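**Q** Take a look at this one; I'll ask things after.
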Amino acid sequence: MKILIVEDDKILAKTIEQCISLKYDVDHAYDGEEGILYARQNIYDAIILDLMMPVMDGYETLSQLRGEKIFTPILILTAKDGLDDKLKGFRIGADDYLVKPFNREELIARIDALVRRTTGNYSENTVNFKDLVLDLNNRKISVKGKEILLQGKQFDVLEYLINSKNTIITKDQIFDKIWGFDSETSTNVIEVYTSGLRKELKKLGYDKYLKTIRGVRIYMVRVIRGFYYE
């Protein structure tokens with residue numbers, strides 16, 4: 001799972017990353033405009049947003065993100081502790097508000113709560129799709145007691161697709177999420193991993209839910225079941 005930190009204080013941004021890096025992958029943006037660019041190009045499980053930033057402050061950033069229909073959960077993390085500041089943040093579209101200086105455990109708990117609320121995953125170590133269970137600790141998948149151990153990034157790809165179910169995910173999005181946009185390999189690796197993943201899912205009768213839609217340039221579809229990639 002991936003978090004975007006939008007914070008102009010680079011030392012503090014690094015401190016926040018150290019707090020959450022055991023559970024989440026992290027990207028950094030150091031002003032509001034850069035944060036919007038990252039949020040447009042990637043899918044994040046949550047965004048940690050400062051309010052007092054150069055170029056574009058947190059309120060403007062939040063307002064523009066919501067105006068562009070980017071509904072990623074957003075935690076405002078700021079030194080502004082006034083009630084009016086909090087109410088303004090919530091009115092614009094924030095999901096939570098935490099005042100600096102913050103407690104590490106509280107920050108992690110709040111991020112975990114936002115992610116659970118979005119994914120519907122209230123079991124700390126599993127992700128579910130129908131009867132398919134992903135064991136996040138042991139990187140195994142199972143259906144009604146039948147288990148399979150997934151190799152390498154196959155597990156990460158499947159977790160990402162299930163958490164994004166009912167959404168068309170492009171190869172570029174999968175690549176950026178799992179391999180990172182600065183990786184030296186190419187997006188062709190997606191075909192290799194999804195082919196192998198499909199074979200493993202077939203053993204459990206779940207390959208039918210992994211659908212490839214070629215040449216499609218939209219991201220959302222009105223589909224009730226399945227997980228997809230372009």
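Convention: chains lettered A, B, ... in structure tokens order; per-chain residue numbering from 1; ligands numbered from 1 as shown.
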Give one line per residue of segment 120-225 of chain A that approaches segment 23-43 of chain A to at most 8 Å, naming the two atoms of the closest pair and their distance in Å to one decimal, counting only C-alpha atoms; sort by chain then ascending residue number and deliver it as a tab-separated table.
**A**
residue	atom	partner	partner_atom	distance
A:Gln173	CA	A:Asn42	CA	6.3
A:Asp176	CA	A:Asn42	CA	7.0
A:Lys177	CA	A:Asn42	CA	7.2
**Q** Would you kindly return, as a PyMOL selection string, each protein, DNA or RNA residue with an atom no farther than 9 Å from any atom of Glu200 of chain A, considering only C-alpha atoms and excluding same-chain residues fewer than 6 positions away?
**A** chain A and resi 148-150+206-207
**Q** Per DSSP on the backbone, filter chain A down to the residues in strand (DSSP E or B) and report them as a count of residues only.
**A** 49
**Q** What lies within 10 Å of Arg198 of chain A using only C-alpha atoms, ignoring chain neighbours under 5 positions off, as a PDB file with all heavy atoms, in the first residue's frame?
**A**
ATOM      1  N   GLN A 154       4.019 -11.143  -7.778  1.00  0.00           N
ATOM      2  CA  GLN A 154       2.676 -11.613  -8.124  1.00  0.00           C
ATOM      3  C   GLN A 154       1.685 -11.273  -7.011  1.00  0.00           C
ATOM      4  O   GLN A 154       0.559 -10.831  -7.269  1.00  0.00           O
ATOM      5  CB  GLN A 154       2.676 -13.127  -8.363  1.00  0.00           C
ATOM      6  CG  GLN A 154       3.285 -13.558  -9.677  1.00  0.00           C
ATOM      7  CD  GLN A 154       3.216 -15.061  -9.861  1.00  0.00           C
ATOM      8  OE1 GLN A 154       2.764 -15.791  -8.970  1.00  0.00           O
ATOM      9  NE2 GLN A 154       3.665 -15.536 -11.008  1.00  0.00           N
ATOM     10  N   LEU A 158      -1.617  -8.779  -7.241  1.00  0.00           N
ATOM     11  CA  LEU A 158      -2.963  -9.243  -6.913  1.00  0.00           C
ATOM     12  C   LEU A 158      -3.575  -8.396  -5.797  1.00  0.00           C
ATOM     13  O   LEU A 158      -4.755  -8.016  -5.867  1.00  0.00           O
ATOM     14  CB  LEU A 158      -2.925 -10.709  -6.490  1.00  0.00           C
ATOM     15  CG  LEU A 158      -4.283 -11.326  -6.115  1.00  0.00           C
ATOM     16  CD1 LEU A 158      -5.266 -11.217  -7.264  1.00  0.00           C
ATOM     17  CD2 LEU A 158      -4.114 -12.779  -5.684  1.00  0.00           C
ATOM     18  N   TYR A 193       4.073 -11.027 -15.280  1.00  0.00           N
ATOM     19  CA  TYR A 193       3.560 -11.291 -13.940  1.00  0.00           C
ATOM     20  C   TYR A 193       2.070 -11.607 -13.943  1.00  0.00           C
ATOM     21  O   TYR A 193       1.617 -12.484 -13.200  1.00  0.00           O
ATOM     22  CB  TYR A 193       3.852 -10.103 -13.026  1.00  0.00           C
ATOM     23  CG  TYR A 193       5.228 -10.179 -12.410  1.00  0.00           C
ATOM     24  CD1 TYR A 193       6.342  -9.711 -13.093  1.00  0.00           C
ATOM     25  CD2 TYR A 193       5.429 -10.756 -11.151  1.00  0.00           C
ATOM     26  CE1 TYR A 193       7.611  -9.795 -12.542  1.00  0.00           C
ATOM     27  CE2 TYR A 193       6.694 -10.847 -10.598  1.00  0.00           C
ATOM     28  CZ  TYR A 193       7.786 -10.358 -11.285  1.00  0.00           C
ATOM     29  OH  TYR A 193       9.041 -10.449 -10.739  1.00  0.00           O
ATOM     30  N   LYS A 203      -5.835 -22.304 -10.550  1.00  0.00           N
ATOM     31  CA  LYS A 203      -5.829 -23.464  -9.655  1.00  0.00           C
ATOM     32  C   LYS A 203      -6.916 -23.353  -8.598  1.00  0.00           C
ATOM     33  O   LYS A 203      -7.366 -24.353  -8.043  1.00  0.00           O
ATOM     34  CB  LYS A 203      -4.468 -23.594  -8.971  1.00  0.00           C
ATOM     35  CG  LYS A 203      -3.302 -23.812  -9.926  1.00  0.00           C
ATOM     36  CD  LYS A 203      -1.977 -23.799  -9.181  1.00  0.00           C
ATOM     37  CE  LYS A 203      -0.796 -23.913 -10.139  1.00  0.00           C
ATOM     38  NZ  LYS A 203       0.511 -23.834  -9.417  1.00  0.00           N
ATOM     39  N   GLY A 205      -9.740 -21.500  -9.287  1.00  0.00           N
ATOM     40  CA  GLY A 205     -10.976 -21.157  -9.982  1.00  0.00           C
ATOM     41  C   GLY A 205     -11.272 -19.674 -10.012  1.00  0.00           C
ATOM     42  O   GLY A 205     -12.422 -19.269 -10.233  1.00  0.00           O
ATOM     43  N   TYR A 206     -10.238 -18.848  -9.827  1.00  0.00           N
ATOM     44  CA  TYR A 206     -10.455 -17.399  -9.771  1.00  0.00           C
ATOM     45  C   TYR A 206      -9.806 -16.648 -10.920  1.00  0.00           C
ATOM     46  O   TYR A 206      -9.816 -15.417 -10.929  1.00  0.00           O
ATOM     47  CB  TYR A 206      -9.949 -16.847  -8.425  1.00  0.00           C
ATOM     48  CG  TYR A 206     -11.024 -16.860  -7.356  1.00  0.00           C
ATOM     49  CD1 TYR A 206     -11.507 -18.065  -6.848  1.00  0.00           C
ATOM     50  CD2 TYR A 206     -11.577 -15.687  -6.880  1.00  0.00           C
ATOM     51  CE1 TYR A 206     -12.498 -18.103  -5.887  1.00  0.00           C
ATOM     52  CE2 TYR A 206     -12.573 -15.696  -5.918  1.00  0.00           C
ATOM     53  CZ  TYR A 206     -13.036 -16.911  -5.430  1.00  0.00           C
ATOM     54  OH  TYR A 206     -14.035 -16.934  -4.482  1.00  0.00           O
ATOM     55  N   ASP A 207      -9.278 -17.348 -11.902  1.00  0.00           N
ATOM     56  CA  ASP A 207      -8.663 -16.660 -13.045  1.00  0.00           C
ATOM     57  C   ASP A 207      -9.701 -15.878 -13.854  1.00  0.00           C
ATOM     58  O   ASP A 207      -9.364 -14.885 -14.508  1.00  0.00           O
ATOM     59  CB  ASP A 207      -7.947 -17.666 -13.949  1.00  0.00           C
ATOM     60  CG  ASP A 207      -8.877 -18.766 -14.445  1.00  0.00           C
ATOM     61  OD1 ASP A 207      -9.537 -19.409 -13.600  1.00  0.00           O
ATOM     62  OD2 ASP A 207      -8.948 -18.970 -15.667  1.00  0.00           O
ATOM     63  N   LYS A 208     -10.969 -16.298 -13.798  1.00  0.00           N
ATOM     64  CA  LYS A 208     -12.020 -15.634 -14.572  1.00  0.00           C
ATOM     65  C   LYS A 208     -12.258 -14.198 -14.123  1.00  0.00           C
ATOM     66  O   LYS A 208     -12.834 -13.402 -14.855  1.00  0.00           O
ATOM     67  CB  LYS A 208     -13.327 -16.423 -14.474  1.00  0.00           C
ATOM     68  CG  LYS A 208     -13.868 -16.541 -13.052  1.00  0.00           C
ATOM     69  CD  LYS A 208     -15.099 -17.438 -12.999  1.00  0.00           C
ATOM     70  CE  LYS A 208     -15.590 -17.614 -11.570  1.00  0.00           C
ATOM     71  NZ  LYS A 208     -16.769 -18.527 -11.508  1.00  0.00           N
ATOM     72  N   TYR A 209     -11.808 -13.861 -12.912  1.00  0.00           N
ATOM     73  CA  TYR A 209     -12.022 -12.508 -12.406  1.00  0.00           C
ATOM     74  C   TYR A 209     -10.913 -11.537 -12.792  1.00  0.00           C
ATOM     75  O   TYR A 209     -11.053 -10.331 -12.595  1.00  0.00           O
ATOM     76  CB  TYR A 209     -12.152 -12.536 -10.885  1.00  0.00           C
ATOM     77  CG  TYR A 209     -13.363 -13.297 -10.406  1.00  0.00           C
ATOM     78  CD1 TYR A 209     -13.229 -14.528  -9.780  1.00  0.00           C
ATOM     79  CD2 TYR A 209     -14.643 -12.783 -10.595  1.00  0.00           C
ATOM     80  CE1 TYR A 209     -14.348 -15.233  -9.342  1.00  0.00           C
ATOM     81  CE2 TYR A 209     -15.764 -13.480 -10.175  1.00  0.00           C
ATOM     82  CZ  TYR A 209     -15.607 -14.705  -9.544  1.00  0.00           C
ATOM     83  OH  TYR A 209     -16.714 -15.397  -9.128  1.00  0.00           O
ATOM     84  N   LEU A 210      -9.825 -12.058 -13.316  1.00  0.00           N
ATOM     85  CA  LEU A 210      -8.731 -11.198 -13.779  1.00  0.00           C
ATOM     86  C   LEU A 210      -8.931 -10.984 -15.269  1.00  0.00           C
ATOM     87  O   LEU A 210      -8.687 -11.860 -16.081  1.00  0.00           O
ATOM     88  CB  LEU A 210      -7.370 -11.854 -13.504  1.00  0.00           C
ATOM     89  CG  LEU A 210      -6.131 -11.089 -13.980  1.00  0.00           C
ATOM     90  CD1 LEU A 210      -6.096  -9.702 -13.362  1.00  0.00           C
ATOM     91  CD2 LEU A 210      -4.866 -11.846 -13.633  1.00  0.00           C
ATOM     92  N   LYS A 211      -9.388  -9.805 -15.643  1.00  0.00           N
ATOM     93  CA  LYS A 211      -9.771  -9.533 -17.024  1.00  0.00           C
ATOM     94  C   LYS A 211      -8.835  -8.508 -17.641  1.00  0.00           C
ATOM     95  O   LYS A 211      -8.476  -7.514 -17.009  1.00  0.00           O
ATOM     96  CB  LYS A 211     -11.214  -9.029 -17.082  1.00  0.00           C
ATOM     97  CG  LYS A 211     -12.234 -10.006 -16.492  1.00  0.00           C
ATOM     98  CD  LYS A 211     -13.633  -9.440 -16.561  1.00  0.00           C
ATOM     99  CE  LYS A 211     -14.640 -10.341 -15.872  1.00  0.00           C
ATOM    100  NZ  LYS A 211     -14.766 -11.653 -16.538  1.00  0.00           N
TER     101      LYS A 211
END
**Q** Write out as a tab-separated table (two decimals) with all heavy atoms, in the first residue's frame which residues come within 10 Å of Phe102 of chain A when counting only C-alpha atoms, dropping same-chain ones fewer than 2 positions away.
**A**
chain	number	residue	atom	x	y	z
A	16	ILE	N	8.08	11.60	9.05
A	16	ILE	CA	6.78	10.97	8.83
A	16	ILE	C	6.96	9.65	8.09
A	16	ILE	O	6.34	8.63	8.43
A	16	ILE	CB	5.85	11.91	8.04
A	16	ILE	CG1	5.56	13.17	8.85
A	16	ILE	CG2	4.54	11.20	7.69
A	16	ILE	CD1	4.85	14.26	8.06
A	77	LEU	N	-2.19	17.12	8.29
A	77	LEU	CA	-1.22	17.08	9.39
A	77	LEU	C	-0.56	18.45	9.47
A	77	LEU	O	0.22	18.82	8.59
A	77	LEU	CB	-0.18	15.99	9.15
A	77	LEU	CG	0.86	15.76	10.24
A	77	LEU	CD1	0.19	15.35	11.55
A	77	LEU	CD2	1.87	14.70	9.82
A	78	THR	N	-0.89	19.24	10.49
A	78	THR	CA	-0.52	20.64	10.49
A	78	THR	C	-0.34	21.18	11.91
A	78	THR	O	-0.83	20.58	12.88
A	78	THR	CB	-1.61	21.48	9.78
A	78	THR	OG1	-1.26	22.85	9.79
A	78	THR	CG2	-2.96	21.29	10.47
A	79	ALA	N	0.35	22.30	12.00
A	79	ALA	CA	0.49	22.99	13.29
A	79	ALA	C	-0.71	23.88	13.58
A	79	ALA	O	-0.85	24.38	14.70
A	79	ALA	CB	1.77	23.82	13.28
A	98	LEU	N	-4.96	16.02	12.08
A	98	LEU	CA	-4.06	15.75	13.20
A	98	LEU	C	-3.11	16.93	13.36
A	98	LEU	O	-2.54	17.42	12.38
A	98	LEU	CB	-3.27	14.46	12.95
A	98	LEU	CG	-2.31	14.00	14.05
A	98	LEU	CD1	-3.08	13.71	15.35
A	98	LEU	CD2	-1.57	12.74	13.59
A	99	VAL	N	-2.94	17.38	14.60
A	99	VAL	CA	-2.15	18.57	14.87
A	99	VAL	C	-0.71	18.19	15.24
A	99	VAL	O	-0.48	17.24	15.99
A	99	VAL	CB	-2.80	19.39	16.01
A	99	VAL	CG1	-1.92	20.59	16.39
A	99	VAL	CG2	-4.18	19.87	15.60
A	100	LYS	N	0.25	18.95	14.69
A	100	LYS	CA	1.65	18.80	15.07
A	100	LYS	C	1.89	19.53	16.40
A	100	LYS	O	1.27	20.57	16.63
A	100	LYS	CB	2.57	19.42	14.00
A	100	LYS	CG	2.40	18.88	12.60
A	100	LYS	CD	3.23	19.71	11.63
A	100	LYS	CE	3.03	19.32	10.20
A	100	LYS	NZ	3.72	20.22	9.25
A	104	ARG	N	3.59	9.29	17.19
A	104	ARG	CA	3.82	8.33	16.11
A	104	ARG	C	2.72	7.27	16.04
A	104	ARG	O	2.20	6.98	14.96
A	104	ARG	CB	5.18	7.65	16.32
A	104	ARG	CG	5.49	6.55	15.31
A	104	ARG	CD	6.83	5.89	15.61
A	104	ARG	NE	7.15	4.84	14.65
A	104	ARG	CZ	6.71	3.60	14.75
A	104	ARG	NH1	5.92	3.26	15.77
A	104	ARG	NH2	7.03	2.70	13.83
A	105	GLU	N	2.37	6.70	17.18
A	105	GLU	CA	1.36	5.64	17.19
A	105	GLU	C	0.00	6.16	16.74
A	105	GLU	O	-0.75	5.47	16.04
A	105	GLU	CB	1.25	5.02	18.59
A	105	GLU	CG	2.40	4.10	18.97
A	105	GLU	CD	3.69	4.86	19.27
A	105	GLU	OE1	3.61	6.07	19.58
A	105	GLU	OE2	4.78	4.25	19.20
A	106	GLU	N	-0.32	7.39	17.13
A	106	GLU	CA	-1.60	7.96	16.71
A	106	GLU	C	-1.62	8.20	15.21
A	106	GLU	O	-2.64	7.94	14.54
A	106	GLU	CB	-1.88	9.27	17.44
A	106	GLU	CG	-3.25	9.86	17.07
A	106	GLU	CD	-3.57	11.13	17.81
A	106	GLU	OE1	-2.70	11.65	18.53
A	106	GLU	OE2	-4.71	11.62	17.65
A	107	LEU	N	-0.51	8.68	14.65
A	107	LEU	CA	-0.45	8.88	13.20
A	107	LEU	C	-0.68	7.58	12.46
A	107	LEU	O	-1.47	7.51	11.52
A	107	LEU	CB	0.91	9.47	12.81
A	107	LEU	CG	1.17	9.60	11.31
A	107	LEU	CD1	0.20	10.58	10.66
A	107	LEU	CD2	2.62	10.03	11.05
**Q** Please list as a PyMOL selection string every residue within 10 Å of Val189 of chain A, counting only C-alpha atoms and excluding residues in the same chain fewer than 5 positions away.
**A** chain A and resi 171+175+179+194-195
**Q** Export, as a JSON list (two decimals), in the first residue's frame, the selected residues with N, CA and C atoms.
**A**
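What follows is the written file part.json:
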[["chain", "number", "residue", "atom", "x", "y", "z"],
["A", 171, "LYS", "N", -1.56, -0.56, -17.19],
["A", 171, "LYS", "CA", -0.26, -1.15, -16.91],
["A", 171, "LYS", "C", 0.68, -0.14, -16.28],
["A", 175, "PHE", "N", 2.62, -0.59, -12.79],
["A", 175, "PHE", "CA", 4.08, -0.47, -12.79],
["A", 175, "PHE", "C", 4.53, 0.55, -11.75],
["A", 179, "TRP", "N", 6.43, -1.41, -9.00],
["A", 179, "TRP", "CA", 7.86, -1.32, -9.30],
["A", 179, "TRP", "C", 8.44, 0.06, -9.01],
["A", 194, "THR", "N", 1.30, -10.91, -14.76],
["A", 194, "THR", "CA", -0.13, -11.18, -14.78],
["A", 194, "THR", "C", -0.43, -12.54, -15.43],
["A", 195, "SER", "N", 0.42, -12.94, -16.39],
["A", 195, "SER", "CA", 0.25, -14.27, -16.98],
["A", 195, "SER", "C", 0.50, -15.36, -15.94]]
**Q** Do a neighbour search on Tyr160 of chain A at 9 Å with only C-alpha atoms, toss out local chain neighbours closer than 4 positions, and write the hits as a list in words.
**A**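 Counting only C-alpha atoms, the residues come to Met1, Phe155, Asp156, Ser164, Lys165, Ile174, Lys177 and Ile178 of chain A.
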**Q** Which residues in segment 61-192 of chain A does DSSP call helix (DSSP H, G or I)? List them as a ChimeraX atom specification.
**A** /A:61-67,83-92,104-119,154-163,171-178,189-192
**Q** I'd like the interatomic distance between atom CA of Val115 of chain A and atom CA of Asp9 of chain A, to a tenth of an Å.
**A**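 Separating atom CA of Val115 of chain A from atom CA of Asp9 of chain A is a distance of 24.4 Å.
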**Q** Counting only C-alpha atoms, which of A:Pro101, A:Gly93, A:Leu65, A:Thr185 gets nearest to Lys80 of chain A?
**A**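 The answer is A:Pro101, which sits nearest to Lys80 of chain A.
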**Q** Determine the nearest neighbour of Asn103 of chain A from the options A:Val127, A:Cys19, A:Ile74, A:Ile168, counting only C-alpha atoms.
**A**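 Of A:Val127, A:Cys19, A:Ile74, A:Ile168, the one nearest Asn103 of chain A, counting only C-alpha atoms, is A:Cys19.
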